[in-house]
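Participant: Starting off with a structure, shown below.
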Amino acid sequence: MPTTDQTLDEILNLAAAHFKVPREKLRPDDDFFKTLGIDSLQTLDLLTKLENHFRIELPDYELQGVSDFRTLAGKIQARL
Amino acid sequence: MSLETTEHGRLRKETESSGADRSGEKAVSWALKDGVIELALHRAPCNELGSASLQELENFATDLQRMQESAHALIIHSQLKSGFCAGADLRELYHRSQAMDKASALRGMRDFLERIHRVLNLIDAAPLTTIAAVHGVTFGGGFELALACDLIIADKMARFCFPELRLGLIPGFGGVPRLKRDLGNAVVRDLLLTGRSFNAVKAQQIGLVSQVVGEGESLRAARATAAQLGKFDRETAATAKRFIKPVPHDELRQEIDLFCELFARPAVQAGLRKFVESTDAQPYLP
């Protein structure tokens, strides 16, 4: 099983690739809505991308109030 | 109706009446080629179903009854990147209901539901094989449109959801009876009562989606499937469909009644207002 740091790194790589943002611009504690400039529909895209990548199910209500990559990584780690 | 030839050289029929949405563009268009009808949804931002879209879908349903004489398959898909369909146009629903008294709003709601049910029931029972080729957001009424089809082919970025409980409602476009027809009750309870969204892989695991394909591939896969269906005897396929897939008319009627009962409550207007006025970055996440 990957460590939380590895999971976090994979999330940052995926987000950078999917939303075409330079990877070096993304930091673990960034607000991903602001950094990626995404709306609610694009957030769902990110969720689907993450679920497919990690082969997990992450109910969207668990993401309520989550806006930074580090907390997101913790939610995913708990499902691995 | 107007008849024109597209850049692909095929005949396209488009509605001529009030088919324009608020931006003056069509919400849907359709074409028949080689025995396959393709219904394309293209009303930004994500094919929300309001009164203009419904009028166009009614025109399509009328034309479908003529076209199905010479077709063996129908494919419904979205031309928008954002997804297949985000469901009912909640902003229009809210503003319309605010502009009239409670009794009129309720009558208007019931009329809208009766009309969309007629369209979806026609698609559901059409004597040809119907395929929803979905991607991205397939929520609420969009999910219900897909459920009226015989097959759902989803690209791996498709996401499904019945978020209606968040508004104090149940799905109103036939979603619950059709889910009950297709899936086990425990799964239906999960999807309906949690209102959570789920991806195409999950949708295939529970038996809702017949094929999961790569990003941007759902229409191509639907066309390949439709081409295969064209090899079969049409009457046999239609007979098999009638036998396998009865339209749950009684439950569909009950759903309209239940929806209207719930719609009359103040909590629904409050839920709609919250959605419409939300500046939350996650209004689609319950």
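Residue numbers start at 1 in each chain; chains themselves are named A, B, ... in the order of the structure tokens; ligands are numbered from 1 in the order shown.
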Report as JSON, numbers by chain all protein, DNA and RNA residues lying within 10 Å of region 247-257 of chain B, evaluated on only C-alpha atoms, omitting residues in the same chain fewer than 5 positions from it.
Facilitator: {"B": [109, 110, 111, 113, 114, 117, 121, 122, 124, 125, 148, 170, 171, 172, 173, 174, 175, 176, 177, 178, 180, 181, 242, 262, 263]}
Participant: Compute the set of chain A residues within 6 Å of chain B, using only C-alpha atoms, and express it as a PyMOL selection string.
Facilitator: chain A and resi 39-40+61
Participant: May I have all residues of region 89-130 of chain B that DSSP, computed from the backbone, assigns to helix (DSSP H, G or I), given as an MDAnalysis selection string?
Facilitator: chainID B and resid 90:98 102:125
Participant: Which one of B:Ala52, B:Val134, B:Met67, B:Leu191 sits closest to Trp30 (chain B) if you count only C-alpha atoms?
Facilitator: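 Under the stated criterion, the closest residue is B:Met67.
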Participant: Give me, as a list in words, all polymer residues having an atom no more than 8 Å from region 16-28 of chain A, counting only C-alpha atoms and skipping those fewer than 5 positions away in the same chain.
Facilitator: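 Returned residues: Leu8, Thr35, Leu36, Leu46, Asp68, Phe69 and Arg70 of chain A.
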